[in-house]
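See below for the structure under consideration.
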Amino acid sequence: MEMSLVLSEPLMLGDKVKNDKSPPSTIQLIKQDAVSECCVTTCQPTAIQLMKQVYTSSNCITVCHYKGYVYVGLDYGGIDRIDEQGKVTPSFIELTGNAITVRAHNDQLYILMNGEPYKVYVYDLAGTHIRSWDHGDKSGHWAGNKLTLMEGNLLIADVTNKRISVYTTAGITVKQIPCPAISTDAYTAMCAGGDDCVIVSQRSPPRVHKFNLTSGAIEWTSDKIAEPYCVEYSPPVVLVSGGYSTNKKLLVLDYDTGMCDQ
């Protein structure tokens, strides 16, 4: 058995969270079989067992598990932190707005906040602010994880300009990559894949794409879920969480082909 948290929407791997969307939000810790083994043919997780339930100080948008803690990005509330015993530290990091992505790398937390423009905040694991910078996207779309890490750099979807912005962890712009997989009128989510690719989802029209950063080609496109909300790569599959119109469905796609047995 693999220890997990489950998040109804959006979805992230490692420890995941379920948000019942009623204040205060409910966090449920569960056990489930390894996704790559039990989901690749059934397209839905099995053998789920509730372990404990805790409460966050506001609605959950995104989660990140790192070194024994779960960091929960909140709707208008910054970041809560949950330890292995389920103890919540409310407003561990206080920020204004929607914390739409939280990622961890080299003992630092990278937080993407919604706004016009978006803004990236960097904190250490004690909750001390290190640096911040503006990200030029002004789309205002708060749903879905838009920041991912690849080869020590930060990749952030820029919905307004249909591109992916690549930054160093110090906030220096490395390059801008045009990305036809990004729709300017859609809620967009993105995660790092393997072999220099990212997975991009959009809600209008509902599509999930595998995009090659080197060649600029879309390697496959899936339309198997009506309202993709968030994506995560868990070798050898891609997990796609659906929104409310799909009853928060979890779709599992083959990473190489984009196919699903559903």
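Ligands are numbered from 1 in the order shown, chains are lettered A, B, ... in the order of the structure tokens, and residues start at 1 in each chain.
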query: Using the chain letters and numbers from this document, which residues of stretch 156-219 of chain A does DSSP assign to strand (DSSP E), as a PyMOL selection string?
result: chain A and resi 156-158+163-167+173-178+188-192+197-203+206-212+218-219
inquiry  = Show me, as a ChimeraX atom specification, the residues that have an atom within 8 Å of A:Tyr69 when counting only C-alpha atoms, minus same-chain residues fewer than 6 positions from it.
reply    = /A:81-84
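Among the candidates A:Ala99, A:Val200, A:Val166, A:Cys260, the one nearest to A:Gly152 when counting only C-alpha atoms is A:Val166.
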Taken to one decimal, the atom CA of A:Leu149-atom CA of A:Ala104 distance is 8.7 Å
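Atom pair atom CA of A:Asp137 / atom CA of A:Thr160: separated by 5.6 Å.
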- Residues near A:Val231, cut-off 10 Å, only C-alpha atoms, skip fewer than 3 positions along chain, as an NGL selection string: :A and (10-13 or 144-146 or 188-192 or 199-202 or 208 or 228 or 234 or 238-242 or 250-252)
Selection file, N, CA and C atoms, as a PDB file, in the first residue's frame:
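Okay, this is what ended up in part-v4.pdb:
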ATOM      1  N   PRO A  10      -8.095  20.671  -7.310  1.00  0.00           N
ATOM      2  CA  PRO A  10      -7.346  19.980  -8.329  1.00  0.00           C
ATOM      3  C   PRO A  10      -6.611  18.782  -7.758  1.00  0.00           C
ATOM      4  N   LEU A  11      -5.903  18.001  -8.588  1.00  0.00           N
ATOM      5  CA  LEU A  11      -5.235  16.791  -8.173  1.00  0.00           C
ATOM      6  C   LEU A  11      -3.738  16.972  -8.231  1.00  0.00           C
ATOM      7  N   MET A  12      -3.042  16.521  -7.190  1.00  0.00           N
ATOM      8  CA  MET A  12      -1.598  16.423  -7.233  1.00  0.00           C
ATOM      9  C   MET A  12      -1.203  15.090  -6.629  1.00  0.00           C
ATOM     10  N   LEU A  13      -0.010  14.612  -6.990  1.00  0.00           N
ATOM     11  CA  LEU A  13       0.412  13.316  -6.500  1.00  0.00           C
ATOM     12  C   LEU A  13       1.181  13.445  -5.206  1.00  0.00           C
ATOM     13  N   GLY A 144      -6.452  25.323 -11.503  1.00  0.00           N
ATOM     14  CA  GLY A 144      -5.442  24.459 -12.081  1.00  0.00           C
ATOM     15  C   GLY A 144      -4.020  24.857 -11.733  1.00  0.00           C
ATOM     16  N   ASN A 145      -3.161  23.850 -11.542  1.00  0.00           N
ATOM     17  CA  ASN A 145      -1.753  24.109 -11.290  1.00  0.00           C
ATOM     18  C   ASN A 145      -1.088  24.595 -12.571  1.00  0.00           C
ATOM     19  N   LYS A 146      -0.384  25.702 -12.467  1.00  0.00           N
ATOM     20  CA  LYS A 146       0.251  26.290 -13.650  1.00  0.00           C
ATOM     21  C   LYS A 146       1.763  26.353 -13.535  1.00  0.00           C
ATOM     22  N   THR A 188      -6.288  26.665 -17.591  1.00  0.00           N
ATOM     23  CA  THR A 188      -5.174  25.832 -18.019  1.00  0.00           C
ATOM     24  C   THR A 188      -4.414  25.283 -16.832  1.00  0.00           C
ATOM     25  N   ALA A 189      -4.032  24.005 -16.916  1.00  0.00           N
ATOM     26  CA  ALA A 189      -3.169  23.386 -15.902  1.00  0.00           C
ATOM     27  C   ALA A 189      -2.000  22.734 -16.618  1.00  0.00           C
ATOM     28  N   MET A 190      -0.874  22.574 -15.898  1.00  0.00           N
ATOM     29  CA  MET A 190       0.328  22.040 -16.535  1.00  0.00           C
ATOM     30  C   MET A 190       1.176  21.305 -15.513  1.00  0.00           C
ATOM     31  N   CYS A 191       1.817  20.219 -15.949  1.00  0.00           N
ATOM     32  CA  CYS A 191       2.774  19.510 -15.093  1.00  0.00           C
ATOM     33  C   CYS A 191       3.934  19.035 -15.954  1.00  0.00           C
ATOM     34  N   ALA A 192       5.070  18.785 -15.320  1.00  0.00           N
ATOM     35  CA  ALA A 192       6.233  18.246 -16.023  1.00  0.00           C
ATOM     36  C   ALA A 192       6.015  16.780 -16.309  1.00  0.00           C
ATOM     37  N   ILE A 199       2.672  18.149 -19.747  1.00  0.00           N
ATOM     38  CA  ILE A 199       1.276  17.818 -19.973  1.00  0.00           C
ATOM     39  C   ILE A 199       0.464  19.077 -19.688  1.00  0.00           C
ATOM     40  N   VAL A 200      -0.375  19.471 -20.647  1.00  0.00           N
ATOM     41  CA  VAL A 200      -1.180  20.684 -20.526  1.00  0.00           C
ATOM     42  C   VAL A 200      -2.651  20.303 -20.678  1.00  0.00           C
ATOM     43  N   SER A 201      -3.484  20.769 -19.759  1.00  0.00           N
ATOM     44  CA  SER A 201      -4.929  20.556 -19.901  1.00  0.00           C
ATOM     45  C   SER A 201      -5.630  21.899 -20.025  1.00  0.00           C
ATOM     46  N   GLN A 202      -6.784  21.893 -20.688  1.00  0.00           N
ATOM     47  CA  GLN A 202      -7.610  23.087 -20.825  1.00  0.00           C
ATOM     48  C   GLN A 202      -9.066  22.660 -20.714  1.00  0.00           C
ATOM     49  N   VAL A 208      -6.604  17.445 -23.184  1.00  0.00           N
ATOM     50  CA  VAL A 208      -5.331  17.212 -22.496  1.00  0.00           C
ATOM     51  C   VAL A 208      -4.291  16.946 -23.574  1.00  0.00           C
ATOM     52  N   PRO A 228     -11.522  18.800 -17.790  1.00  0.00           N
ATOM     53  CA  PRO A 228     -10.236  18.586 -17.106  1.00  0.00           C
ATOM     54  C   PRO A 228      -9.878  19.771 -16.225  1.00  0.00           C
ATOM     55  N   SER A 234       2.501  10.581 -13.259  1.00  0.00           N
ATOM     56  CA  SER A 234       2.915   9.538 -12.327  1.00  0.00           C
ATOM     57  C   SER A 234       3.314   8.331 -13.163  1.00  0.00           C
ATOM     58  N   VAL A 238      -0.595   9.447 -16.882  1.00  0.00           N
ATOM     59  CA  VAL A 238      -0.971  10.825 -16.591  1.00  0.00           C
ATOM     60  C   VAL A 238      -2.321  10.790 -15.893  1.00  0.00           C
ATOM     61  N   LEU A 239      -2.424  11.452 -14.744  1.00  0.00           N
ATOM     62  CA  LEU A 239      -3.677  11.543 -14.009  1.00  0.00           C
ATOM     63  C   LEU A 239      -4.343  12.876 -14.316  1.00  0.00           C
ATOM     64  N   VAL A 240      -5.623  12.832 -14.600  1.00  0.00           N
ATOM     65  CA  VAL A 240      -6.391  14.033 -14.915  1.00  0.00           C
ATOM     66  C   VAL A 240      -7.596  14.077 -13.984  1.00  0.00           C
ATOM     67  N   SER A 241      -7.710  15.141 -13.196  1.00  0.00           N
ATOM     68  CA  SER A 241      -8.881  15.277 -12.332  1.00  0.00           C
ATOM     69  C   SER A 241      -9.934  16.115 -13.040  1.00  0.00           C
ATOM     70  N   GLY A 242     -11.174  15.660 -12.940  1.00  0.00           N
ATOM     71  CA  GLY A 242     -12.282  16.362 -13.565  1.00  0.00           C
ATOM     72  C   GLY A 242     -12.957  17.312 -12.607  1.00  0.00           C
ATOM     73  N   LEU A 250     -11.660  10.894 -11.902  1.00  0.00           N
ATOM     74  CA  LEU A 250     -10.221  10.757 -12.111  1.00  0.00           C
ATOM     75  C   LEU A 250      -9.994   9.927 -13.369  1.00  0.00           C
ATOM     76  N   LEU A 251      -9.312  10.509 -14.336  1.00  0.00           N
ATOM     77  CA  LEU A 251      -9.021   9.826 -15.587  1.00  0.00           C
ATOM     78  C   LEU A 251      -7.539   9.473 -15.619  1.00  0.00           C
ATOM     79  N   VAL A 252      -7.221   8.287 -16.142  1.00  0.00           N
ATOM     80  CA  VAL A 252      -5.842   7.826 -16.235  1.00  0.00           C
ATOM     81  C   VAL A 252      -5.494   7.595 -17.698  1.00  0.00           C
TER      82      VAL A 252
END
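Distance check against A:Pro117 using only C-alpha atoms: of A:Lys210, A:Lys138, A:His65, A:His129, the minimum falls on A:Lys138.
Of the residues listed (A:Ile93, A:Tyr66, A:Gly73, A:Lys119), A:Tyr66 shows the shortest atom-to-atom separation from A:Asn106; distances use only C-alpha atoms.
Minimum distance to A:Ile156 across A:Cys197, A:Ile130, A:Val88, A:Leu112 (counting only C-alpha atoms) occurs at A:Leu112.
Atom pair atom CA of A:Ala217 / atom CA of A:Asp195 has a distance of 13.0 Å (rounded to one decimal).
Of the residues under consideration (A:Asn153, A:Thr148, A:Asn114, A:Gln85), A:Thr148 shows the shortest atom-to-atom contact distance to A:Cys64 when counting only C-alpha atoms.
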message: Excluding A:Trp133 and its own-chain neighbours fewer than 6 positions away, which residues fall within 8 Å of it when counting only C-alpha atoms? Please give them as an MDAnalysis selection string.
response: chainID A and resid 119:121 171
_as a list in words, please: the residues near A:Val237 (cut-off 7 Å, only C-alpha atoms, same-chain neighbours under 5 positions excluded)._
Ser36, Val252, Leu253, Asp254 and Tyr255 of chain A
Any chance you could export the current selection's N, CA and C atoms as a short mmCIF file (atom, residue, chain, number, x, y, z; two decimals), in the first residue's frame?
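Saved file selection_31.cif follows:
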data_model
loop_
_atom_site.label_atom_id
_atom_site.label_comp_id
_atom_site.auth_asym_id
_atom_site.auth_seq_id
_atom_site.Cartn_x
_atom_site.Cartn_y
_atom_site.Cartn_z
N SER A 36 -0.31 3.57 -10.50
CA SER A 36 0.18 3.05 -11.77
C SER A 36 -0.19 1.59 -11.96
N VAL A 252 -7.22 8.29 -16.14
CA VAL A 252 -5.84 7.83 -16.24
C VAL A 252 -5.49 7.60 -17.70
N LEU A 253 -4.49 8.31 -18.19
CA LEU A 253 -4.06 8.21 -19.58
C LEU A 253 -2.67 7.61 -19.67
N ASP A 254 -2.43 6.83 -20.71
CA ASP A 254 -1.09 6.32 -20.98
C ASP A 254 -0.20 7.49 -21.39
N TYR A 255 0.98 7.62 -20.76
CA TYR A 255 1.84 8.77 -21.00
C TYR A 255 2.35 8.81 -22.44
#
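Using only C-alpha atoms, the smallest distance between any of A:Arg203, A:Ile172, A:Leu213, A:Asp80 and A:Ile225 comes from A:Arg203.
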